[in-house]
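Structure file final-v8.cif (mmCIF, C-alpha atoms) is printed below.
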```cif
data_work
loop_
_atom_site.label_atom_id
_atom_site.label_comp_id
_atom_site.auth_asym_id
_atom_site.auth_seq_id
_atom_site.Cartn_x
_atom_site.Cartn_y
_atom_site.Cartn_z
CA MET S 1 -30.93 37.53 -27.73
CA SER S 2 -29.10 38.56 -30.87
CA GLY S 3 -26.48 40.67 -29.11
CA ARG S 4 -25.60 37.93 -26.64
CA ARG S 5 -25.46 35.40 -29.48
CA ALA S 6 -22.94 37.51 -31.43
CA GLY S 7 -20.57 37.54 -28.48
CA ARG S 8 -20.83 33.82 -28.05
CA GLU S 9 -20.16 33.12 -31.72
CA ALA S 10 -16.89 35.02 -31.45
CA SER S 11 -15.90 32.98 -28.44
CA LEU S 12 -16.39 29.74 -30.38
CA ILE S 13 -13.51 30.47 -32.76
CA GLY S 14 -10.94 29.16 -30.32
CA VAL S 15 -13.09 26.44 -28.75
CA ARG S 16 -13.73 24.70 -32.07
CA ARG S 17 -10.07 23.82 -32.35
CA LEU S 18 -9.84 22.20 -28.92
CA MET S 19 -10.12 18.64 -27.78
CA ALA S 20 -11.65 17.84 -24.41
CA VAL S 21 -9.01 18.21 -21.71
CA ALA S 22 -10.79 16.23 -18.98
CA GLU S 23 -13.77 14.00 -18.29
CA ILE S 24 -15.89 14.28 -15.18
CA THR S 25 -16.68 10.72 -14.15
CA GLY S 26 -18.23 10.36 -10.69
CA HIS S 27 -22.01 9.98 -10.50
CA ALA S 28 -22.51 12.90 -8.11
CA ALA S 29 -19.98 15.09 -9.91
CA VAL S 30 -21.56 14.48 -13.33
CA LYS S 31 -25.04 15.28 -12.00
CA ALA S 32 -23.78 18.44 -10.32
CA ALA S 33 -21.94 19.61 -13.45
CA ALA S 34 -24.99 18.94 -15.63
CA LYS S 35 -27.02 21.20 -13.35
CA ASP S 36 -24.42 23.97 -13.41
CA PRO S 37 -24.55 25.78 -16.77
CA VAL S 38 -22.77 28.77 -15.25
CA THR S 39 -19.54 26.80 -14.75
CA PHE S 40 -20.02 24.15 -17.45
CA SER S 41 -21.62 25.87 -20.42
CA SER S 42 -23.46 24.24 -23.32
CA ASP S 43 -22.59 27.27 -25.41
CA LEU S 44 -20.69 25.39 -28.11
CA LEU S 45 -20.92 23.84 -31.54
CA GLY S 46 -20.81 20.04 -31.64
CA ASP S 47 -20.45 17.73 -34.66
CA ARG S 48 -18.22 20.43 -36.08
CA ASP S 49 -17.36 18.30 -39.11
CA VAL S 50 -20.94 18.02 -40.40
CA ARG S 51 -22.76 21.23 -39.44
CA THR S 52 -22.09 24.92 -39.02
CA TYR S 53 -25.00 25.73 -36.70
CA ARG S 54 -25.96 24.62 -33.22
CA GLN S 55 -28.37 21.87 -32.32
CA LEU S 56 -31.16 23.59 -30.42
CA PRO S 57 -31.91 23.65 -27.55
CA LEU S 58 -28.94 21.38 -26.74
CA GLU S 59 -26.14 23.82 -27.47
CA VAL S 60 -27.29 26.96 -25.72
CA ASP S 61 -27.57 27.84 -22.05
CA PRO S 62 -30.56 29.02 -20.03
CA PRO S 63 -32.58 31.15 -20.52
CA GLU S 64 -32.32 30.69 -24.31
CA HIS S 65 -32.35 26.92 -23.78
CA GLY S 66 -35.79 27.02 -22.18
CA ALA S 67 -37.25 29.16 -24.94
CA TYR S 68 -36.11 26.78 -27.68
CA ARG S 69 -37.07 23.71 -25.67
CA ALA S 70 -40.59 25.06 -25.26
CA ILE S 71 -41.01 25.06 -29.04
CA LEU S 72 -40.44 21.29 -29.18
CA ALA S 73 -42.23 20.47 -25.94
CA PRO S 74 -45.63 19.68 -27.56
CA VAL S 75 -43.99 16.98 -29.69
CA PHE S 76 -42.17 15.24 -26.83
CA ALA S 77 -44.54 15.75 -23.89
CA ARG S 78 -45.52 12.55 -22.09
CA PRO S 79 -49.20 12.65 -23.21
CA ALA S 80 -48.22 13.23 -26.85
CA ILE S 81 -45.80 10.30 -26.77
CA ALA S 82 -48.28 8.04 -24.96
CA ALA S 83 -50.76 8.68 -27.77
CA LEU S 84 -48.27 7.16 -30.22
CA GLU S 85 -48.21 3.78 -28.49
CA PRO S 86 -50.78 2.01 -30.74
CA ALA S 87 -48.92 3.09 -33.90
CA LEU S 88 -45.48 2.15 -32.51
CA ARG S 89 -46.83 -1.12 -31.21
CA ALA S 90 -48.10 -1.96 -34.72
CA VAL S 91 -44.64 -1.23 -36.16
CA ALA S 92 -42.99 -3.44 -33.54
CA ALA S 93 -45.48 -6.26 -34.12
CA GLY S 94 -44.76 -6.23 -37.85
CA ILE S 95 -41.00 -6.33 -37.30
CA ALA S 96 -41.32 -9.18 -34.78
CA ALA S 97 -43.60 -11.14 -37.12
CA ARG S 98 -41.06 -10.90 -39.94
CA PHE S 99 -38.33 -12.19 -37.62
CA ALA S 100 -40.54 -15.08 -36.53
CA ALA S 101 -41.35 -15.97 -40.15
CA ARG S 102 -37.79 -15.74 -41.47
CA GLY S 103 -36.11 -17.40 -38.52
CA HIS S 104 -32.95 -15.29 -38.65
CA VAL S 105 -32.10 -11.60 -39.02
CA GLU S 106 -29.34 -9.10 -38.39
CA ALA S 107 -30.67 -7.25 -35.36
CA VAL S 108 -29.04 -3.84 -35.88
CA HIS S 109 -30.22 -3.21 -39.44
CA GLU S 110 -33.28 -5.47 -39.69
CA LEU S 111 -34.83 -5.00 -36.25
CA ALA S 112 -33.52 -1.91 -34.43
CA LEU S 113 -33.13 0.41 -37.44
CA PRO S 114 -36.64 -0.19 -38.88
CA MET S 115 -38.15 0.27 -35.41
CA VAL S 116 -36.37 3.55 -34.76
CA GLY S 117 -36.73 4.98 -38.27
CA ALA S 118 -40.47 4.31 -38.35
CA SER S 119 -40.90 5.61 -34.81
CA ILE S 120 -39.17 8.88 -35.66
CA ALA S 121 -41.34 9.33 -38.76
CA ILE S 122 -44.52 8.66 -36.78
CA ALA S 123 -43.53 10.81 -33.80
CA PHE S 124 -42.76 13.78 -36.02
CA GLY S 125 -46.00 13.45 -37.97
CA ARG S 126 -44.45 12.30 -41.25
CA PRO S 127 -45.15 8.56 -41.47
CA GLN S 128 -44.77 8.85 -45.25
CA ASP S 129 -41.04 9.39 -44.67
CA ALA S 130 -40.45 6.15 -42.75
CA ASP S 131 -38.74 4.28 -45.58
CA GLU S 132 -36.51 7.26 -46.34
CA LEU S 133 -35.44 7.67 -42.73
CA VAL S 134 -34.76 3.95 -42.40
CA GLY S 135 -32.74 4.12 -45.61
CA TRP S 136 -30.32 6.55 -43.99
CA GLY S 137 -28.92 3.71 -41.91
CA THR S 138 -27.83 3.86 -38.31
CA GLU S 139 -26.34 7.37 -38.53
CA SER S 140 -27.90 10.64 -39.61
CA TRP S 141 -24.66 11.51 -41.41
CA GLU S 142 -23.27 9.83 -44.50
CA THR S 143 -19.77 8.35 -44.36
CA MET S 144 -17.80 9.18 -47.48
CA PRO S 145 -15.28 6.82 -49.17
CA ASP S 146 -12.39 8.65 -47.53
CA GLY S 147 -13.95 8.22 -44.08
CA ARG S 148 -15.23 11.78 -43.71
CA ARG S 149 -18.72 12.35 -42.38
CA ASP S 150 -21.06 14.40 -44.54
CA GLY S 151 -24.25 16.12 -43.38
CA SER S 152 -25.65 17.22 -46.75
CA ARG S 153 -28.31 14.46 -46.89
CA LEU S 154 -29.83 15.60 -43.62
CA GLU S 155 -29.62 19.22 -44.78
CA ARG S 156 -31.49 18.38 -47.98
CA TYR S 157 -34.20 16.67 -45.97
CA LEU S 158 -34.58 19.64 -43.62
CA GLY S 159 -34.70 22.04 -46.55
CA ARG S 160 -37.48 20.01 -48.16
CA VAL S 161 -39.68 19.49 -45.11
CA PHE S 162 -39.43 23.13 -44.04
CA ALA S 163 -40.28 24.27 -47.57
CA GLU S 164 -43.33 22.00 -47.45
CA ALA S 165 -44.23 23.36 -44.02
CA ASP S 166 -44.09 26.92 -45.36
CA GLU S 167 -46.20 26.12 -48.41
CA HIS S 168 -48.66 23.70 -46.83
CA PRO S 169 -48.58 24.06 -43.02
CA GLY S 170 -49.66 20.94 -41.20
CA THR S 171 -49.53 19.36 -37.76
CA ASP S 172 -46.12 17.70 -38.13
CA ALA S 173 -43.13 18.67 -36.01
CA PHE S 174 -41.50 20.68 -38.79
CA SER S 175 -44.64 22.74 -39.36
CA LEU S 176 -44.67 23.42 -35.63
CA VAL S 177 -41.11 24.72 -35.81
CA ALA S 178 -41.78 26.66 -39.03
CA ARG S 179 -44.57 28.71 -37.49
CA ALA S 180 -42.90 29.17 -34.09
CA GLU S 181 -42.01 32.62 -32.87
CA LEU S 182 -39.37 33.75 -30.42
CA GLU S 183 -39.43 37.20 -28.86
CA GLY S 184 -42.06 38.24 -31.39
CA ARG S 185 -40.15 37.13 -34.49
CA ARG S 186 -40.13 34.07 -36.74
CA LEU S 187 -37.21 31.71 -36.43
CA SER S 188 -34.24 32.07 -38.75
CA ARG S 189 -33.20 29.30 -41.12
CA GLU S 190 -30.30 28.48 -38.79
CA GLU S 191 -32.66 28.16 -35.81
CA ARG S 192 -35.13 26.00 -37.74
CA HIS S 193 -32.37 23.67 -38.89
CA GLY S 194 -30.86 23.61 -35.41
CA LEU S 195 -34.12 22.34 -33.93
CA GLY S 196 -34.73 19.94 -36.83
CA ASN S 197 -31.20 18.58 -36.74
CA LEU S 198 -31.49 17.79 -33.05
CA ILE S 199 -34.69 15.79 -33.29
CA LEU S 200 -33.54 13.85 -36.35
CA ALA S 201 -30.04 13.01 -35.10
CA GLY S 202 -30.45 12.97 -31.34
CA GLY S 203 -32.51 9.83 -30.88
CA ARG S 204 -31.32 7.70 -33.78
CA ASP S 205 -28.06 5.85 -33.16
CA THR S 206 -28.63 5.93 -29.39
CA VAL S 207 -31.95 4.07 -29.47
CA ILE S 208 -30.72 1.74 -32.20
CA GLY S 209 -27.84 0.86 -29.87
CA LEU S 210 -30.23 0.32 -26.97
CA ILE S 211 -32.46 -2.07 -28.92
CA ALA S 212 -29.53 -3.91 -30.51
CA GLY S 213 -27.94 -4.18 -27.06
CA ALA S 214 -31.12 -5.70 -25.67
CA MET S 215 -31.13 -8.28 -28.46
CA TRP S 216 -27.47 -9.10 -27.80
CA HIS S 217 -27.89 -9.44 -24.04
CA LEU S 218 -31.08 -11.51 -24.14
CA ALA S 219 -29.62 -13.81 -26.80
CA ALA S 220 -27.17 -15.02 -24.15
CA GLU S 221 -29.41 -14.84 -21.09
CA GLN S 222 -32.20 -17.33 -21.65
CA GLY S 223 -33.44 -17.18 -18.06
CA GLU S 224 -33.89 -13.43 -18.17
CA ARG S 225 -35.61 -13.69 -21.54
CA VAL S 226 -38.07 -16.28 -20.19
CA ARG S 227 -38.85 -14.15 -17.13
CA LEU S 228 -39.50 -11.06 -19.23
CA ALA S 229 -41.74 -12.99 -21.63
CA ALA S 230 -43.75 -14.36 -18.69
CA HIS S 231 -43.88 -11.03 -16.85
CA PRO S 232 -43.98 -8.13 -19.36
CA GLY S 233 -44.45 -5.74 -16.47
CA ARG S 234 -40.73 -6.17 -15.76
CA ILE S 235 -39.72 -4.81 -19.15
CA PRO S 236 -39.59 -1.11 -18.14
CA ALA S 237 -37.11 -1.89 -15.34
CA ALA S 238 -35.09 -4.01 -17.78
CA VAL S 239 -34.96 -1.09 -20.23
CA GLU S 240 -33.65 1.19 -17.48
CA GLU S 241 -30.88 -1.25 -16.60
CA LEU S 242 -29.86 -1.64 -20.23
CA LEU S 243 -29.79 2.15 -20.50
CA ARG S 244 -27.51 2.28 -17.47
CA PHE S 245 -25.18 -0.48 -18.58
CA LEU S 246 -24.91 0.52 -22.23
CA SER S 247 -25.17 4.31 -21.79
CA PRO S 248 -25.85 4.87 -25.53
CA LEU S 249 -24.68 8.49 -25.18
CA PRO S 250 -21.45 7.90 -23.23
CA ALA S 251 -20.47 11.55 -22.77
CA ILE S 252 -21.29 15.08 -23.84
CA GLU S 253 -19.20 18.21 -24.26
CA ARG S 254 -19.31 21.30 -22.09
CA VAL S 255 -17.15 24.43 -22.03
CA ALA S 256 -15.53 25.41 -18.74
CA THR S 257 -16.25 29.08 -18.16
CA GLU S 258 -13.49 29.51 -15.58
CA ASP S 259 -10.44 27.73 -14.24
CA ILE S 260 -11.67 24.75 -12.25
CA SER S 261 -10.35 21.51 -10.80
CA GLY S 262 -11.69 18.40 -9.11
CA PRO S 263 -10.91 14.70 -8.61
CA TRP S 264 -11.46 14.34 -12.37
CA GLY S 265 -8.66 16.77 -13.28
CA ARG S 266 -8.19 20.43 -14.16
CA ALA S 267 -9.59 22.70 -16.86
CA HIS S 268 -9.00 26.32 -17.78
CA GLY S 269 -11.69 28.72 -18.87
CA GLY S 270 -12.57 27.98 -22.50
CA ASP S 271 -11.50 24.32 -22.35
CA LEU S 272 -13.83 21.56 -23.46
CA VAL S 273 -14.77 19.17 -20.67
CA LEU S 274 -16.72 15.92 -21.03
CA LEU S 275 -19.57 14.95 -18.75
CA GLY S 276 -19.06 11.19 -18.56
CA PHE S 277 -22.53 9.65 -18.45
CA ALA S 278 -21.22 6.12 -19.00
CA ALA S 279 -18.63 6.52 -16.26
CA ALA S 280 -21.27 7.90 -13.89
CA ASN S 281 -23.51 4.93 -14.67
CA HIS S 282 -20.68 2.58 -13.66
CA ASP S 283 -19.82 4.34 -10.42
CA ALA S 284 -19.35 1.50 -7.92
CA THR S 285 -20.22 3.78 -5.02
CA VAL S 286 -23.74 4.10 -6.42
CA PHE S 287 -24.34 0.86 -8.38
CA THR S 288 -23.52 -2.54 -6.89
CA ASP S 289 -21.47 -4.60 -9.35
CA PRO S 290 -21.91 -2.01 -12.13
CA GLY S 291 -20.24 -4.16 -14.79
CA THR S 292 -23.03 -6.74 -14.52
CA VAL S 293 -26.45 -6.37 -16.11
CA ASN S 294 -29.14 -6.79 -13.43
CA LEU S 295 -32.50 -6.34 -15.13
CA GLU S 296 -34.25 -6.01 -11.78
CA ARG S 297 -31.88 -3.39 -10.37
CA SER S 298 -33.70 -1.04 -8.03
CA PRO S 299 -33.18 1.77 -7.38
CA ASN S 300 -31.51 2.68 -10.63
CA PRO S 301 -30.60 6.40 -10.64
CA HIS S 302 -28.76 6.29 -13.97
CA VAL S 303 -27.98 9.39 -16.00
CA ALA S 304 -28.24 7.83 -19.46
CA PHE S 305 -30.54 10.70 -20.48
CA GLY S 306 -28.38 13.34 -18.84
CA ASN S 307 -29.45 15.45 -15.89
CA GLY S 308 -30.59 18.95 -15.13
CA PRO S 309 -31.99 21.45 -17.64
CA HIS S 310 -30.51 19.61 -20.63
CA THR S 311 -32.03 16.23 -19.77
CA CYS S 312 -32.85 14.53 -23.09
CA ILE S 313 -36.10 15.93 -24.46
CA GLY S 314 -36.81 12.59 -26.18
CA VAL S 315 -36.72 10.50 -23.02
CA HIS S 316 -40.38 9.40 -23.21
CA LEU S 317 -40.12 8.44 -26.88
CA ALA S 318 -36.94 6.42 -26.38
CA ARG S 319 -38.43 4.47 -23.48
CA LEU S 320 -41.64 3.80 -25.42
CA GLU S 321 -39.77 2.56 -28.48
CA ALA S 322 -37.70 0.11 -26.46
CA ARG S 323 -40.60 -1.10 -24.33
CA VAL S 324 -43.09 -1.81 -27.13
CA PHE S 325 -40.34 -3.40 -29.24
CA LEU S 326 -39.40 -5.86 -26.49
CA GLU S 327 -43.03 -6.58 -25.64
CA ALA S 328 -43.84 -7.38 -29.27
CA LEU S 329 -40.69 -9.41 -29.81
CA LEU S 330 -41.05 -11.50 -26.66
CA ALA S 331 -44.68 -12.23 -27.56
CA ALA S 332 -43.84 -13.33 -31.11
CA VAL S 333 -40.37 -14.82 -30.63
CA PRO S 334 -39.92 -15.98 -27.03
CA GLY S 335 -36.49 -17.46 -27.81
CA TRP S 336 -33.51 -16.39 -29.91
CA ARG S 337 -29.74 -16.86 -29.93
CA LEU S 338 -26.74 -15.45 -31.71
CA ASP S 339 -26.33 -16.71 -35.27
CA GLY S 340 -22.60 -16.13 -35.64
CA GLU S 341 -20.15 -13.71 -34.11
CA PRO S 342 -21.49 -10.19 -33.51
CA GLU S 343 -19.45 -7.17 -34.53
CA ILE S 344 -19.12 -4.97 -31.47
CA ALA S 345 -16.83 -2.06 -30.64
CA TRP S 346 -15.90 -2.33 -26.97
CA ALA S 347 -14.88 0.25 -24.39
CA THR S 348 -13.54 0.02 -20.86
CA VAL S 349 -15.72 2.07 -18.51
CA GLU S 350 -14.59 2.37 -14.90
CA GLY S 351 -12.93 -1.04 -15.16
CA SER S 352 -15.86 -2.75 -16.89
CA ARG S 353 -15.83 -3.96 -20.49
CA VAL S 354 -18.93 -2.48 -22.11
CA PRO S 355 -20.21 -2.47 -25.72
CA ALA S 356 -19.72 1.00 -27.17
CA ARG S 357 -21.29 0.31 -30.58
CA PHE S 358 -23.11 -2.58 -32.22
CA ASP S 359 -22.29 -2.93 -35.92
CA ARG S 360 -23.82 -6.39 -36.50
CA VAL S 361 -25.77 -8.71 -34.22
CA PRO S 362 -26.93 -11.77 -36.20
CA VAL S 363 -29.67 -13.69 -34.37
CA GLU S 364 -31.88 -16.68 -35.08
CA VAL S 365 -35.05 -18.05 -33.57
CA ALA S 366 -34.27 -20.65 -30.91
CA PRO S 367 -36.54 -23.30 -29.37
#
```

What would the structure in this file look like if it were written as structure tokens?
Amino acid sequence: MSGRRAGREASLIGVRRLMAVAEITGHAAVKAAAKDPVTFSSDLLGDRDVRTYRQLPLEVDPPEHGAYRAILAPVFARPAIAALEPALRAVAAGIAARFAARGHVEAVHELALPMVGASIAIAFGRPQDADELVGWGTESWETMPDGRRDGSRLERYLGRVFAEADEHPGTDAFSLVARAELEGRRLSREERHGLGNLILAGGRDTVIGLIAGAMWHLAAEQGERVRLAAHPGRIPAAVEELLRFLSPLPAIERVATEDISGPWGRAHGGDLVLLGFAAANHDATVFTDPGTVNLERSPNPHVAFGNGPHTCIGVHLARLEARVFLEALLAAVPGWRLDGEPEIAWATVEGSRVPARFDRVPVEVAP
């Protein structure tokens, strides 16, 4: 692996300075590109302003991708995530009870963030870190006074938890990574941090956006809220539709390995190309009236979690977080409405106006 990695690192020198030259948008085209790592490579460095190493297994191609993914698989496997449901349900019930008692909250920071931060801490076997992870806010990176992003807080956390894992190995996710071997060797610091960075950053702002988006949508749609409260079995389908409509990860970078063209445009070998998950999820040839939220949409072949070998490894955790949160909230607070104007960054996706980021969603209990 090391020889192939050295060649790839050299190739990144030019790619790092590029902006994406095109975005693949059609549903079928996005799915096909996501399944084609030979033409559209994941061999790149993202978040280039806050880290100098790759998120693993996200930013490598097969077969290396599969080897790194296998290290994290025990943490994110469906049975392992299903076993977390009682603990996550207790977190959600406590958050919902506080909303019911107070009567008004800001949904992004007082509902979604505590749910996601605590869920991450529990899922990774470090419930003692829940308050710290919630305290980071909606992003894993810090925003400095001059607007720059800074990744040193996350780096300090990774340094600490891996040092603890080395000194006192446990059953948490970081201990799992610390004792992992690849091709008969222990992982390097860069590889450890690459795996740790992915699991800490990958499912944070996206799931916060999903939960905040659910609060925003159901604040305006009383009928849908009543139906979900009366029939909790409909919540999983509702979560899938909110994933489709909101597409919390709107696009992801790939590197074209050769000159290629399509209805989406043209790229030369070495160019960055975006796989447009949001655009694919609003493809009118696949989804009827894609700019409208239909919580009973079926079938719903969205690609909010990607497609192919790089499909989001945290898919089961994200779905569980959203489902138990909505179940607990609808049981404790069957009615709520907006309590002032929300702060939302909007985007136009295939002709539809869609929330791209929720900064504030003030809500209050409604009769």

Inset, instruction - Please tell me which residues are no farther than 12 Å from (-38.5, 12.6, -25.7) in the file, counting all atoms listed in the file, and write them as a ChimeraX atom specification. - result: /S:69,72-82,119-120,123-124,198-200,202-204,207,305,310-321

Inset, instruction - Extract, using only C-alpha atoms, all DNA, RNA and protein residues at most 9 Å from S:Ala34, discarding same-chain residues fewer than 5 positions from it, and format them as an MDAnalysis selection string. - result: chainID S and resid 29 40 254 275 306:311

Inset, instruction - May I have the residues within 9 Å of S:Ser152 as a ChimeraX atom specification, using all atoms listed in the file and disregarding those fewer than 3 positions away in the same chain? - result: /S:50-51,141-142,155-157

Per residue of stretch 80-174 of chain S within 12 Å of stretch 216-226 of chain S, what are the shortest atom pair and its distance in Å to one decimal, counting only C-alpha atoms, with rows by chain and residue number, as JSON lines?
```
{"residue": "S:Glu106", "atom": "CA", "partner": "S:Trp216", "partner_atom": "CA", "distance": 10.8}
{"residue": "S:Ala107", "atom": "CA", "partner": "S:Trp216", "partner_atom": "CA", "distance": 8.4}
{"residue": "S:Val108", "atom": "CA", "partner": "S:Trp216", "partner_atom": "CA", "distance": 9.8}
{"residue": "S:Leu111", "atom": "CA", "partner": "S:Trp216", "partner_atom": "CA", "distance": 11.9}
{"residue": "S:Ala112", "atom": "CA", "partner": "S:Trp216", "partner_atom": "CA", "distance": 11.5}
```

Check which residues satisfy the PyMOL selection byres ((chain S and resi 59) around 10) in the file shown, then give them as a compact mmCIF listing (two decimals) with C-alpha atoms, keeping the file's coordinate frame.
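expr02.txt, freshly written:
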```txt
# COMPACT_ATOMS: atom_id res chain seq x y z
CA SER S 41 -21.62 25.87 -20.42
CA SER S 42 -23.46 24.24 -23.32
CA ASP S 43 -22.59 27.27 -25.41
CA LEU S 44 -20.69 25.39 -28.11
CA LEU S 45 -20.92 23.84 -31.54
CA GLY S 46 -20.81 20.04 -31.64
CA TYR S 53 -25.00 25.73 -36.70
CA ARG S 54 -25.96 24.62 -33.22
CA GLN S 55 -28.37 21.87 -32.32
CA LEU S 56 -31.16 23.59 -30.42
CA PRO S 57 -31.91 23.65 -27.55
CA LEU S 58 -28.94 21.38 -26.74
CA VAL S 60 -27.29 26.96 -25.72
CA ASP S 61 -27.57 27.84 -22.05
CA GLU S 64 -32.32 30.69 -24.31
CA HIS S 65 -32.35 26.92 -23.78
CA GLY S 194 -30.86 23.61 -35.41
CA LEU S 198 -31.49 17.79 -33.05
CA GLU S 253 -19.20 18.21 -24.26
CA ARG S 254 -19.31 21.30 -22.09
CA HIS S 310 -30.51 19.61 -20.63
```

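Across the chains present, the PyMOL selection byres ((chain S and resi 174) around 10) applied to this file returns Leu72, Phe124, Gly125, Arg126, Leu158, Val161, Phe162, Ala163, Glu164, Ala165, Asp166, Pro169, Gly170, Thr171, Asp172, Ala173, Ser175, Leu176, Val177, Ala178, Arg179, Ala180, Arg192, His193, Leu195 and Gly196 of chain S.
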
Legend entry - Explicit residues for the PyMOL selection byres ((chain S and resi 357) around 12) (as number ranges by chain): S: 108, 138-139, 205-213, 216, 246-250, 342-347, 354-356, 358-361

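For stretch 258-271 of chain S, the non-local neighbours within 7 Å, defined as residues at least 5 positions apart in the same chain or in other chains and counting all atoms listed in the file, are S:Val15, S:Ala20, S:Val21, S:Ala22, S:Glu23, S:Ile24, S:Thr25, S:Thr39.
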
Legend entry - Nearest to S:Ala121 by atom-to-atom distance, counting all atoms listed in the file, from S:Phe325, S:Arg153, S:Arg148, S:Leu88: S:Leu88

Axis-aligned box for stretch 28-34 of chain S, 5 Å per side, centre and edges in Å as AutoDock Vina command-line options:
```
--center_x -22.5 --center_y 16.3 --center_z -11.9 --size_x 15.1 --size_y 16.7 --size_z 17.5
```

Legend entry - Distance query 12 Å from (-30.0, -3.0, -18.6) using all atoms listed in the file, result as a ChimeraX atom specification: /S:210-218,224,234-248,281-282,290-298,300,302,304,322,354

Inset, instruction - To one decimal in Å, tell me the separation between atom CA of S:Gly137 and atom CA of S:Leu154. - result: 12.0 Å

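Checking S:Pro86, S:Pro334, S:Pro37, S:Pro301 one by one against S:Ala229, counting only C-alpha atoms, you find the shortest gap at S:Pro334.
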
Legend entry - atom CA of S:Val273 to atom CA of S:Ala32, distance in Å rounded to a single decimal: 13.7 Å

Inset, instruction - Quote the spacing between atom CA of S:Val303 and atom CA of S:Phe277 in Å to one decimal place. - result: 6.0 Å

Legend entry - Shortest interatomic distance to S:Val116 - which of S:His104, S:Val91, S:Arg98, S:Thr257, counting all atoms listed in the file: S:Val91

Legend entry - Within 8 Å of S:Ala92 using only C-alpha atoms, minus same-chain residues under 2 positions, as a ChimeraX atom specification: /S:88-90,94-96,115,324-325,328-329

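Using all atoms listed in the file, the shortest contact distance between S:Asp47 and any of S:Glu167, S:Asp150, S:Asp131, S:Glu364 is found at S:Asp150.
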
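Nearest residue to S:Asn197, choosing from S:Tyr68, S:Gly135, S:Ser140, S:Leu228 and counting only C-alpha atoms: S:Ser140.
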